[in-house]
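The structure appears below as structure tokens.
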Amino acid sequence: MEIKKKDIRALTKEQLRDFFVKEGDKAFRGNQVYEWLWNKGAHTFEDMTNISKDTRNMLEDNFVINHIQVDQMQRSSDGTVKNAVRLHDGLVVESVLIPTKTRTTACVSSQVGCSLDCRFCATARLKRMRNLNPDEIFDQVVAIDNESRLYFDRPLSNIVFMGMGEPLMNYNNVLKAIDKITSPEGLGMSPKRITVSTSGVPKMIKKMADEEVNFKLAVSLHSAIDEVRTSIMPFNVTFPLKDLREALEYWYAKTKNRITYEYVVWDGINDTKKDVDALIEFCKFAPSKVNLIEYNPIDDGEFQQADNKALQMYIDMLEANNITVTVRRSRGKDIDAACGQLANKT
Ligand code: SAH
């Protein structure tokens, strides 16, 4: 009978140590293997050169390393790199490297597809196929870190969970991945350089606050008026703005961390003074930053980016209310790597 091999990276360090003790070896062997898996990014047991051949064979008999594979890498004329990442079961997600003068940011996926239904987002059309495991999220970061070193001569500096999927709908695995990314036994990155972006799942925002996480939070708001938000993000019926706002107040009370709102201004949807007033009212309870994102068209023109006049109105009114505003230009549009364009087209 064939034994189904276990994913070795699903084991905690303690479990790995216990495994070796049960095998009659030293617990310390578990530390060594753990280091190979998470710190040195070993793809195979063969790579683990300070482990004896017999032990490596024994590991081979019991476990697999479900490493991701970068199937295709595309480079945009603006330097952005998009990876099509094949998972062990053949499914594909995408991650993006975004270089600027001073930093390189990895934009990683947390799910295959997405269970939310934002009408302006290409990933929403894929439906959710499954959650990514912590190691699959971790591997995307390592792949981009390697590309950053190779192409830009510097390590990765920031990570945003703005690829495919809703990170707070895969909360446990996202947190485990961040744990590996930030731990000295993993990549040792500061949590302050990591941003988790959510469409706004109130219960999970409160849970994150209770767990006193140290990474940053961004909320894809797009409208602070329920009817408007529901028309473009239908799940807003389940998680209305009142609940979202209450969860964010709770988050701020616990963490004292500034909240970033992502916001696209669309023609005829959220481009009036009333929309800006509602946004100001929504975010005034805590220090806030509004990131005005350029719209990346994904379809036949149902959604159109509002004109500069509307954008300027947002900027002027927000600034007058002491809310920081940034305007984010799209990157990687020519290779479908920009926000909301990740849909496994390649
Ligand atoms: N589910 C998470 C993370 C993925 S989306 C979230 O909603 O935050 C990352 C960001 O891209 C979100 O702010 C989302 O609203 C935005 N986005 C989605 N489609 C877009 C598009 N076509 N153009 C510009 N931004 C888009």
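Every chain in the structure tokens has a letter given in the order shown (A, B, ...), and although residue numbers restart at 1 in each chain, ligands are simply numbered from 1 in the order shown.
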
Could you report the residues within 7 Å of ligand 1, using only C-alpha atoms and all ligand atoms, as a list of chain:residue names?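 So the residues close to ligand 1 are A:Phe120, A:Cys121, A:Ala122, A:Phe161, A:Met162, A:Gly163, A:Met164, A:Gly165, A:Glu166, A:Pro167, A:Ser197, A:Thr198, A:Ser199, A:Ala218, A:Val219, A:Ser220, A:Glu262, A:Tyr263, A:Val264, A:Ile293, A:Glu294, A:Tyr295, A:Asn296, A:Pro297, A:Ile298, A:Cys339, A:Gly340, A:Gln341.
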
Which residues are near range 84-87 of chain A? Cut-off 8 Å, only C-alpha atoms, ignore same chain within fewer than 4 positions. Put them as a list in words.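 Near range 84-87 of chain A, the qualifying residues are Asn66, His67, Ile68, Gln69, Val70, Asp71, Gln72, Met73, Leu91, Val92, Val93, Glu94, Ser95, Glu136, Gln140, Asn344 and Thr346 of chain A.
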
Shortest interatomic distance to Gly188 in chain A - which of A:Trp251, A:Tyr151, A:Trp38, A:Trp266, counting only C-alpha atoms: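 Checking each of A:Trp251, A:Tyr151, A:Trp38, A:Trp266 against Gly188 in chain A, counting only C-alpha atoms, the winner is A:Trp38.
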
To one decimal place in Å, what is the distance between CA of Thr102 in chain A and CA of Ala343 in chain A?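 CA of Ala343 in chain A lies 28.5 Å from CA of Thr102 in chain A.
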
Alpha helix (DSSP H) residues, from DSSP on the backbone, in range 80-314 of chain A, as a ChimeraX atom specification: /A:134-152,171-182,202-210,226-232,241-255,273-283,308-314

Each residue of range 134-248 of chain A with at least one atom at most 9 Å from range 283-292 of chain A should appear once, together with its nearest atom pair and the corresponding distance in Å (one decimal); atoms considered: only C-alpha atoms; ordering: chain, then increasing residue number; output as JSON lines.
{"residue": "A:Ala224", "atom": "CA", "partner": "A:Cys283", "partner_atom": "CA", "distance": 9.0}
{"residue": "A:Arg245", "atom": "CA", "partner": "A:Cys283", "partner_atom": "CA", "distance": 8.2}
{"residue": "A:Leu248", "atom": "CA", "partner": "A:Ala286", "partner_atom": "CA", "distance": 8.9}

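When only C-alpha atoms are used to measure the gap to Val33 in chain A, the shortest distance among A:Asp226, A:Glu46, A:Asp277, A:Glu147 belongs to A:Glu46.
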
Enter the distance from CA of Arg119 in chain A to CA of Thr195 in chain A, in Å, rounded to one decimal. 23.1 Å

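Distances to Ala209 in chain A were evaluated for A:Met233, A:Ala253, A:Ile159, A:Met313 using only C-alpha atoms, and the minimum falls at A:Ala253.
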
Please run DSSP on the backbone and report, as a PyMOL selection string, all residues within range 71-269 of chain A that come out as strand (DSSP E or B). chain A and resi 71-75+81-86+92-99+104-107+111-112+130-131+158-161+194-198+216-220+259-263+266

Have a look at A:Lys6, A:Thr326, A:Pro184, A:Met317 and name the one nearest to Lys40 in chain A; count only C-alpha atoms.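 Closest to Lys40 in chain A, using only C-alpha atoms: A:Pro184.
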
Suppose you want the space between CA of Val112 in chain A and CA of Ile232 in chain A; what is it in Å?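 Spanning CA of Val112 in chain A to CA of Ile232 in chain A is a straight-line distance of 21.6 Å.
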
With 12 Å as the cut-off and only C-alpha atoms counted, what is the closest atom pair between each nearby residue of range 213-277 of chain A and range 318-323 of chain A? Distances in Å to one decimal, ordered by chain and number, as CSV.
residue,atom,partner,partner_atom,distance
A:Arg258,CA,A:Ile323,CA,10.8
A:Ile259,CA,A:Ile323,CA,10.7
A:Thr260,CA,A:Ile323,CA,10.2
A:Tyr261,CA,A:Ile323,CA,10.7
A:Lys273,CA,A:Leu318,CA,11.1
A:Asp275,CA,A:Leu318,CA,11.5
A:Val276,CA,A:Leu318,CA,7.7
A:Asp277,CA,A:Leu318,CA,8.9

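If only C-alpha atoms are the atoms counted, then among A:Val265, A:Leu342, A:Ala278, A:Leu221 the closest residue to Arg328 in chain A is A:Val265.
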
Write out as a VMD selection string each polymer residue whose atoms come within 7 Å of Gly113 in chain A, counting only C-alpha atoms; drop sequence neighbours fewer than 6 positions from it. chain A and resid 123 to 124 126 to 129 164 to 165

Would you export the selected residues with C-alpha atoms as a PDB file, in the first residue's frame, please?
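Dumped everything to out-v9.pdb:
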ATOM      1  CA  THR A 123      -9.901  38.161 -10.095  1.00  0.00           C
ATOM      2  CA  ALA A 124     -13.540  38.141  -8.911  1.00  0.00           C
ATOM      3  CA  LEU A 126     -12.356  33.411 -11.356  1.00  0.00           C
ATOM      4  CA  LYS A 127     -14.357  32.455  -8.260  1.00  0.00           C
ATOM      5  CA  ARG A 128     -12.496  31.048  -5.299  1.00  0.00           C
ATOM      6  CA  MET A 129     -10.899  27.683  -5.969  1.00  0.00           C
ATOM      7  CA  MET A 164      -5.452  37.473  -5.905  1.00  0.00           C
ATOM      8  CA  GLY A 165      -7.870  36.701  -3.114  1.00  0.00           C
TER       9      GLY A 165
END
